[in-house]
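Asks: Below you'll find upload-v8.pdb; it's PDB, C-alpha atoms.
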```
ATOM      1  CA  MET A   1     203.831 128.023-121.457  1.00  0.00           C
ATOM      2  CA  ALA A   2     206.499 127.926-118.743  1.00  0.00           C
ATOM      3  CA  ASP A   3     208.106 131.076-120.126  1.00  0.00           C
ATOM      4  CA  SER A   4     204.797 132.938-120.243  1.00  0.00           C
ATOM      5  CA  PHE A   5     204.043 131.831-116.670  1.00  0.00           C
ATOM      6  CA  GLN A   6     207.467 133.027-115.511  1.00  0.00           C
ATOM      7  CA  GLN A   7     206.954 136.384-117.197  1.00  0.00           C
ATOM      8  CA  ALA A   8     203.537 136.716-115.549  1.00  0.00           C
ATOM      9  CA  LEU A   9     205.071 135.735-112.202  1.00  0.00           C
ATOM     10  CA  TYR A  10     207.819 138.336-112.580  1.00  0.00           C
ATOM     11  CA  ALA A  11     205.164 140.950-113.407  1.00  0.00           C
ATOM     12  CA  VAL A  12     203.240 140.048-110.235  1.00  0.00           C
ATOM     13  CA  ILE A  13     206.418 140.295-108.173  1.00  0.00           C
ATOM     14  CA  GLU A  14     207.388 143.578-109.819  1.00  0.00           C
ATOM     15  CA  ARG A  15     204.029 145.068-108.796  1.00  0.00           C
ATOM     16  CA  HIS A  16     204.691 144.055-105.186  1.00  0.00           C
ATOM     17  CA  LYS A  17     205.088 147.231-103.171  1.00  0.00           C
ATOM     18  CA  HIS A  18     208.258 146.148-101.328  1.00  0.00           C
ATOM     19  CA  CYS A  19     210.124 144.793-104.346  1.00  0.00           C
ATOM     20  CA  SER A  20     212.731 147.105-105.869  1.00  0.00           C
ATOM     21  CA  SER A  21     214.083 146.699-109.398  1.00  0.00           C
ATOM     22  CA  LYS A  22     217.362 145.432-107.905  1.00  0.00           C
ATOM     23  CA  ASP A  23     215.447 142.789-105.928  1.00  0.00           C
ATOM     24  CA  LEU A  24     213.589 141.720-109.066  1.00  0.00           C
ATOM     25  CA  GLU A  25     216.822 141.485-111.074  1.00  0.00           C
ATOM     26  CA  HIS A  26     218.371 139.335-108.332  1.00  0.00           C
ATOM     27  CA  PHE A  27     215.248 137.157-108.231  1.00  0.00           C
ATOM     28  CA  ILE A  28     215.246 136.678-112.012  1.00  0.00           C
ATOM     29  CA  ALA A  29     218.967 135.853-111.943  1.00  0.00           C
ATOM     30  CA  LEU A  30     218.269 132.955-109.576  1.00  0.00           C
ATOM     31  CA  GLY A  31     216.161 131.376-112.326  1.00  0.00           C
ATOM     32  CA  ASP A  32     214.068 128.277-111.667  1.00  0.00           C
ATOM     33  CA  LYS A  33     215.604 127.798-108.211  1.00  0.00           C
ATOM     34  CA  ALA A  34     214.297 131.115-106.810  1.00  0.00           C
ATOM     35  CA  LEU A  35     211.876 130.632-103.919  1.00  0.00           C
ATOM     36  CA  VAL A  36     208.518 132.300-104.446  1.00  0.00           C
ATOM     37  CA  VAL A  37     206.452 131.850-101.305  1.00  0.00           C
ATOM     38  CA  GLY A  38     208.384 133.019 -98.275  1.00  0.00           C
ATOM     39  CA  ASP A  39     211.463 135.120 -98.807  1.00  0.00           C
ATOM     40  CA  LEU A  40     211.450 135.241-102.637  1.00  0.00           C
ATOM     41  CA  GLY A  41     215.021 133.947-102.536  1.00  0.00           C
ATOM     42  CA  LEU A  42     216.356 137.381-101.577  1.00  0.00           C
ATOM     43  CA  GLU A  43     218.793 138.295 -98.816  1.00  0.00           C
ATOM     44  CA  LYS A  44     216.218 140.315 -96.924  1.00  0.00           C
ATOM     45  CA  ASN A  45     212.915 138.924 -95.778  1.00  0.00           C
ATOM     46  CA  LEU A  46     210.374 140.105 -98.317  1.00  0.00           C
ATOM     47  CA  ALA A  47     206.867 138.954 -97.481  1.00  0.00           C
ATOM     48  CA  PHE A  48     204.913 137.795-100.493  1.00  0.00           C
ATOM     49  CA  TYR A  49     201.312 136.746-100.355  1.00  0.00           C
ATOM     50  CA  LEU A  50     200.194 133.332-101.467  1.00  0.00           C
ATOM     51  CA  ASP A  51     196.898 134.847-102.647  1.00  0.00           C
ATOM     52  CA  ASP A  52     198.738 136.616-105.483  1.00  0.00           C
ATOM     53  CA  ILE A  53     200.291 133.328-106.569  1.00  0.00           C
ATOM     54  CA  GLN A  54     196.922 131.548-106.272  1.00  0.00           C
ATOM     55  CA  LYS A  55     195.295 134.180-108.529  1.00  0.00           C
ATOM     56  CA  LEU A  56     198.081 133.750-111.075  1.00  0.00           C
ATOM     57  CA  LEU A  57     197.776 129.958-110.990  1.00  0.00           C
ATOM     58  CA  LYS A  58     193.988 130.228-111.324  1.00  0.00           C
ATOM     59  CA  SER A  59     194.481 132.251-114.517  1.00  0.00           C
ATOM     60  CA  TYR A  60     196.394 129.198-115.835  1.00  0.00           C
ATOM     61  CA  GLY A  61     193.567 126.849-114.827  1.00  0.00           C
ATOM     62  CA  VAL A  62     195.190 125.537-111.632  1.00  0.00           C
ATOM     63  CA  LEU A  63     192.780 125.526-108.726  1.00  0.00           C
ATOM     64  CA  PRO A  64     193.964 125.333-105.118  1.00  0.00           C
ATOM     65  CA  PRO A  65     193.407 122.079-103.251  1.00  0.00           C
ATOM     66  CA  VAL A  66     190.216 121.786-101.238  1.00  0.00           C
ATOM     67  CA  GLU A  67     191.026 123.283 -97.868  1.00  0.00           C
ATOM     68  CA  GLN A  68     188.161 122.005 -95.800  1.00  0.00           C
ATOM     69  CA  GLY A  69     185.890 119.215 -96.845  1.00  0.00           C
ATOM     70  CA  VAL A  70     184.628 118.402 -93.362  1.00  0.00           C
ATOM     71  CA  GLY A  71     181.165 119.544 -92.390  1.00  0.00           C
ATOM     72  CA  PRO A  72     179.250 122.667 -93.349  1.00  0.00           C
ATOM     73  CA  PHE A  73     180.471 124.812 -90.437  1.00  0.00           C
ATOM     74  CA  TRP A  74     184.255 124.380 -90.791  1.00  0.00           C
ATOM     75  CA  TRP A  75     184.636 128.178 -90.753  1.00  0.00           C
ATOM     76  CA  LEU A  76     183.011 128.376 -87.318  1.00  0.00           C
ATOM     77  CA  TRP A  77     185.145 125.756 -85.578  1.00  0.00           C
ATOM     78  CA  PRO A  78     188.036 124.848 -87.933  1.00  0.00           C
ATOM     79  CA  ASP A  79     189.728 121.533 -87.101  1.00  0.00           C
ATOM     80  CA  SER A  80     192.684 122.059 -89.406  1.00  0.00           C
ATOM     81  CA  CYS A  81     194.209 124.562 -91.808  1.00  0.00           C
ATOM     82  CA  LEU A  82     196.114 124.227 -95.047  1.00  0.00           C
ATOM     83  CA  VAL A  83     199.796 125.196 -94.831  1.00  0.00           C
ATOM     84  CA  TYR A  84     201.814 125.507 -98.042  1.00  0.00           C
ATOM     85  CA  ARG A  85     205.540 124.984 -98.340  1.00  0.00           C
ATOM     86  CA  ASP A  86     207.793 127.321-100.314  1.00  0.00           C
ATOM     87  CA  PHE A  87     207.864 126.784-104.076  1.00  0.00           C
ATOM     88  CA  THR A  88     210.557 127.512-106.599  1.00  0.00           C
ATOM     89  CA  VAL A  89     209.802 129.283-109.865  1.00  0.00           C
ATOM     90  CA  GLY A  90     210.454 126.009-111.695  1.00  0.00           C
ATOM     91  CA  GLU A  91     207.988 124.107-109.525  1.00  0.00           C
ATOM     92  CA  LEU A  92     205.307 126.737-110.050  1.00  0.00           C
ATOM     93  CA  ALA A  93     205.908 126.734-113.806  1.00  0.00           C
ATOM     94  CA  GLU A  94     205.544 122.938-113.806  1.00  0.00           C
ATOM     95  CA  LEU A  95     202.376 123.244-111.724  1.00  0.00           C
ATOM     96  CA  ALA A  96     200.967 125.780-114.201  1.00  0.00           C
ATOM     97  CA  ARG A  97     201.846 123.431-117.063  1.00  0.00           C
ATOM     98  CA  THR A  98     200.436 120.190-115.590  1.00  0.00           C
ATOM     99  CA  GLY A  99     197.819 121.445-113.132  1.00  0.00           C
ATOM    100  CA  ILE A 100     198.826 118.720-110.656  1.00  0.00           C
ATOM    101  CA  TRP A 101     199.863 119.734-107.141  1.00  0.00           C
ATOM    102  CA  PRO A 102     202.948 117.911-105.819  1.00  0.00           C
ATOM    103  CA  PRO A 103     202.107 115.548-102.945  1.00  0.00           C
ATOM    104  CA  ASP A 104     204.281 117.541-100.534  1.00  0.00           C
ATOM    105  CA  ALA A 105     202.930 120.962-101.609  1.00  0.00           C
ATOM    106  CA  TYR A 106     200.880 121.410 -98.451  1.00  0.00           C
ATOM    107  CA  VAL A 107     199.958 119.792 -95.165  1.00  0.00           C
ATOM    108  CA  LEU A 108     196.830 119.978 -93.082  1.00  0.00           C
ATOM    109  CA  GLU A 109     197.850 121.160 -89.622  1.00  0.00           C
ATOM    110  CA  LYS A 110     195.554 120.693 -86.669  1.00  0.00           C
ATOM    111  CA  ASN A 111     194.316 123.932 -85.128  1.00  0.00           C
ATOM    112  CA  SER A 112     194.824 124.477 -81.425  1.00  0.00           C
ATOM    113  CA  LEU A 113     191.964 125.332 -79.119  1.00  0.00           C
ATOM    114  CA  THR A 114     193.168 128.956 -79.101  1.00  0.00           C
ATOM    115  CA  GLN A 115     192.892 129.185 -82.899  1.00  0.00           C
ATOM    116  CA  LYS A 116     189.423 127.666 -82.805  1.00  0.00           C
ATOM    117  CA  LEU A 117     188.284 130.106 -80.112  1.00  0.00           C
ATOM    118  CA  MET A 118     189.730 133.069 -82.062  1.00  0.00           C
ATOM    119  CA  SER A 119     187.848 131.959 -85.183  1.00  0.00           C
ATOM    120  CA  LEU A 120     184.638 131.713 -83.166  1.00  0.00           C
ATOM    121  CA  LEU A 121     185.291 135.127 -81.586  1.00  0.00           C
ATOM    122  CA  VAL A 122     185.776 136.757 -85.007  1.00  0.00           C
ATOM    123  CA  ILE A 123     182.502 135.279 -86.246  1.00  0.00           C
ATOM    124  CA  LEU A 124     180.684 136.473 -83.112  1.00  0.00           C
ATOM    125  CA  VAL A 125     182.105 140.003 -83.365  1.00  0.00           C
ATOM    126  CA  LEU A 126     181.198 140.253 -87.057  1.00  0.00           C
ATOM    127  CA  GLY A 127     177.715 138.915 -86.327  1.00  0.00           C
ATOM    128  CA  GLY A 128     177.316 141.480 -83.531  1.00  0.00           C
ATOM    129  CA  LEU A 129     178.396 144.292 -85.838  1.00  0.00           C
ATOM    130  CA  VAL A 130     175.929 143.247 -88.521  1.00  0.00           C
ATOM    131  CA  LEU A 131     173.095 142.978 -85.999  1.00  0.00           C
ATOM    132  CA  GLY A 132     174.011 146.361 -84.494  1.00  0.00           C
ATOM    133  CA  ILE A 133     174.036 148.044 -87.884  1.00  0.00           C
ATOM    134  CA  LEU A 134     170.702 146.462 -88.811  1.00  0.00           C
ATOM    135  CA  ALA A 135     169.188 147.576 -85.472  1.00  0.00           C
ATOM    136  CA  LEU A 136     170.473 151.113 -86.002  1.00  0.00           C
ATOM    137  CA  LEU A 137     169.083 151.209 -89.547  1.00  0.00           C
ATOM    138  CA  GLY A 138     165.758 149.887 -88.266  1.00  0.00           C
ATOM    139  CA  PHE A 139     165.690 152.551 -85.562  1.00  0.00           C
ATOM    140  CA  TRP A 140     166.383 155.390 -88.015  1.00  0.00           C
ATOM    141  CA  LEU A 141     163.951 153.995 -90.545  1.00  0.00           C
ATOM    142  CA  GLY A 142     161.256 153.803 -87.832  1.00  0.00           C
ATOM    143  CA  ARG A 143     161.904 157.426 -86.820  1.00  0.00           C
ATOM    144  CA  TYR A 144     161.889 158.565 -90.432  1.00  0.00           C
ATOM    145  CA  LEU A 145     158.570 156.856 -91.205  1.00  0.00           C
ATOM    146  CA  ARG A 146     156.757 158.402 -88.217  1.00  0.00           C
TER     147      ARG A 146
END
```
Once you've parsed the file, please lay out its structure as structure tokens.

Replies:
Amino acid sequence: MADSFQQALYAVIERHKHCSSKDLEHFIALGDKALVVGDLGLEKNLAFYLDDIQKLLKSYGVLPPVEQGVGPFWWLWPDSCLVYRDFTVGELAELARTGIWPPDAYVLEKNSLTQKLMSLLVILVLGGLVLGILALLGFWLGRYLR
């Protein structure tokens, strides 16, 4: 299973738009010690998205840890956020095999007041856009039905 996970991981990385074949060869040559989240173990900084890794892990039955279990409106005023550390290919293969997250895989960091206000601002702007679109549709529908 570890080999099939590694092959799937290499395929995900190969599809990454900033990863050249030389970068992939270098990454594969590093073996189980290659860092996945972060710089991919390459000389240049190559951003790689955790969402891609999460989707791959989910296909192996590994669900991410519960990010927020506090209150129903955590998305409106988030107290903390989940921050993952970098993983090696070997660690991810072991995670795919066992389904158990290492205890040091992530930490919950407290959000500052600025982050909380930005989250609230995003929700308010999106709510305003939705209300504006609905009002505009209502206006045009009212004119059409006259």

Asks: Neighbouring residues of Leu92 in chain A were defined as those with any atom within 12 Å, considering all atoms listed in the file; residues of the same chain fewer than 6 positions away were excluded. Please report them as a PyMOL selection string.

Replies: chain A and resi 1-6+8-9+32-37+50+53-54+56-58+60+62+85-86+98-102+105

Asks: Hey, can you spit out that residue selection with C-alpha atoms as a compact mmCIF listing (two decimals), keeping the file's coordinate frame?

Replies:
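That gives us out29.txt:
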```
# COMPACT_ATOMS: atom_id res chain seq x y z
CA MET A 1 203.83 128.02 -121.46
CA ALA A 2 206.50 127.93 -118.74
CA ASP A 3 208.11 131.08 -120.13
CA SER A 4 204.80 132.94 -120.24
CA PHE A 5 204.04 131.83 -116.67
CA GLN A 6 207.47 133.03 -115.51
CA ALA A 8 203.54 136.72 -115.55
CA LEU A 9 205.07 135.74 -112.20
CA ASP A 32 214.07 128.28 -111.67
CA LYS A 33 215.60 127.80 -108.21
CA ALA A 34 214.30 131.12 -106.81
CA LEU A 35 211.88 130.63 -103.92
CA VAL A 36 208.52 132.30 -104.45
CA VAL A 37 206.45 131.85 -101.30
CA LEU A 50 200.19 133.33 -101.47
CA ILE A 53 200.29 133.33 -106.57
CA GLN A 54 196.92 131.55 -106.27
CA LEU A 56 198.08 133.75 -111.08
CA LEU A 57 197.78 129.96 -110.99
CA LYS A 58 193.99 130.23 -111.32
CA TYR A 60 196.39 129.20 -115.84
CA VAL A 62 195.19 125.54 -111.63
CA ARG A 85 205.54 124.98 -98.34
CA ASP A 86 207.79 127.32 -100.31
CA THR A 98 200.44 120.19 -115.59
CA GLY A 99 197.82 121.44 -113.13
CA ILE A 100 198.83 118.72 -110.66
CA TRP A 101 199.86 119.73 -107.14
CA PRO A 102 202.95 117.91 -105.82
CA ALA A 105 202.93 120.96 -101.61
```

Asks: What does the distance between CA of Ala96 in chain A and CA of Gly61 in chain A come to in Å, to one decimal place?

Replies: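 About the pair CA of Ala96 in chain A and CA of Gly61 in chain A: they are 7.5 Å apart.
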
Asks: Counting only C-alpha atoms, which of A:Phe27, A:Tyr106, A:Arg97, A:Pro64 gets nearest to Val83 in chain A?

Replies: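 The closest residue to Val83 in chain A is A:Tyr106.
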
Asks: Care to translate the PyMOL selection byres ((chain A and resi 81) around 7) into actual residues of this file, as a list in words?

Replies: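 Selected by the PyMOL selection byres ((chain A and resi 81) around 7) here: Glu67, Ser80, Leu82, Val83, Leu108, Glu109, Lys110 and Asn111 of chain A.
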
Asks: Generate a file of the selected residues that holds C-alpha atoms, formatted as a short mmCIF file (atom, residue, chain, number, x, y, z; two decimals), in the frame of the given file.

Replies:
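Listed below is the output, again11.cif:
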```cif
data_model
loop_
_atom_site.label_atom_id
_atom_site.label_comp_id
_atom_site.auth_asym_id
_atom_site.auth_seq_id
_atom_site.Cartn_x
_atom_site.Cartn_y
_atom_site.Cartn_z
CA GLU A 67 191.03 123.28 -97.87
CA SER A 80 192.68 122.06 -89.41
CA LEU A 82 196.11 124.23 -95.05
CA VAL A 83 199.80 125.20 -94.83
CA LEU A 108 196.83 119.98 -93.08
CA GLU A 109 197.85 121.16 -89.62
CA LYS A 110 195.55 120.69 -86.67
CA ASN A 111 194.32 123.93 -85.13
#
```

Asks: Would you work out the distance separating CA of Asp79 in chain A from CA of Pro65 in chain A, expressed in Å to one decimal?

Replies: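 Atom-to-atom, CA of Asp79 in chain A and CA of Pro65 in chain A are spaced 16.6 Å apart.
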
Asks: What does the distance from CA of Leu117 in chain A to CA of Leu129 in chain A come to in Å, to one decimal?

Replies: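 The value is 18.2 Å.
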
Asks: Starting from the point (214.3, 139.3, -109.0), work out which residues of protein, DNA or RNA have an atom no more than 9 Å away when counting all atoms listed in the file; state them as a PDB file with C-alpha atoms, in the coordinates of the input.

Replies:
```
ATOM      1  CA  TYR A  10     207.819 138.336-112.580  1.00  0.00           C
ATOM      2  CA  ILE A  13     206.418 140.295-108.173  1.00  0.00           C
ATOM      3  CA  GLU A  14     207.388 143.578-109.819  1.00  0.00           C
ATOM      4  CA  CYS A  19     210.124 144.793-104.346  1.00  0.00           C
ATOM      5  CA  SER A  20     212.731 147.105-105.869  1.00  0.00           C
ATOM      6  CA  SER A  21     214.083 146.699-109.398  1.00  0.00           C
ATOM      7  CA  LYS A  22     217.362 145.432-107.905  1.00  0.00           C
ATOM      8  CA  ASP A  23     215.447 142.789-105.928  1.00  0.00           C
ATOM      9  CA  LEU A  24     213.589 141.720-109.066  1.00  0.00           C
ATOM     10  CA  GLU A  25     216.822 141.485-111.074  1.00  0.00           C
ATOM     11  CA  HIS A  26     218.371 139.335-108.332  1.00  0.00           C
ATOM     12  CA  PHE A  27     215.248 137.157-108.231  1.00  0.00           C
ATOM     13  CA  ILE A  28     215.246 136.678-112.012  1.00  0.00           C
ATOM     14  CA  ALA A  29     218.967 135.853-111.943  1.00  0.00           C
ATOM     15  CA  LEU A  30     218.269 132.955-109.576  1.00  0.00           C
ATOM     16  CA  GLY A  31     216.161 131.376-112.326  1.00  0.00           C
ATOM     17  CA  ALA A  34     214.297 131.115-106.810  1.00  0.00           C
ATOM     18  CA  LEU A  40     211.450 135.241-102.637  1.00  0.00           C
ATOM     19  CA  GLY A  41     215.021 133.947-102.536  1.00  0.00           C
ATOM     20  CA  LEU A  42     216.356 137.381-101.577  1.00  0.00           C
TER      21      LEU A  42
END
```
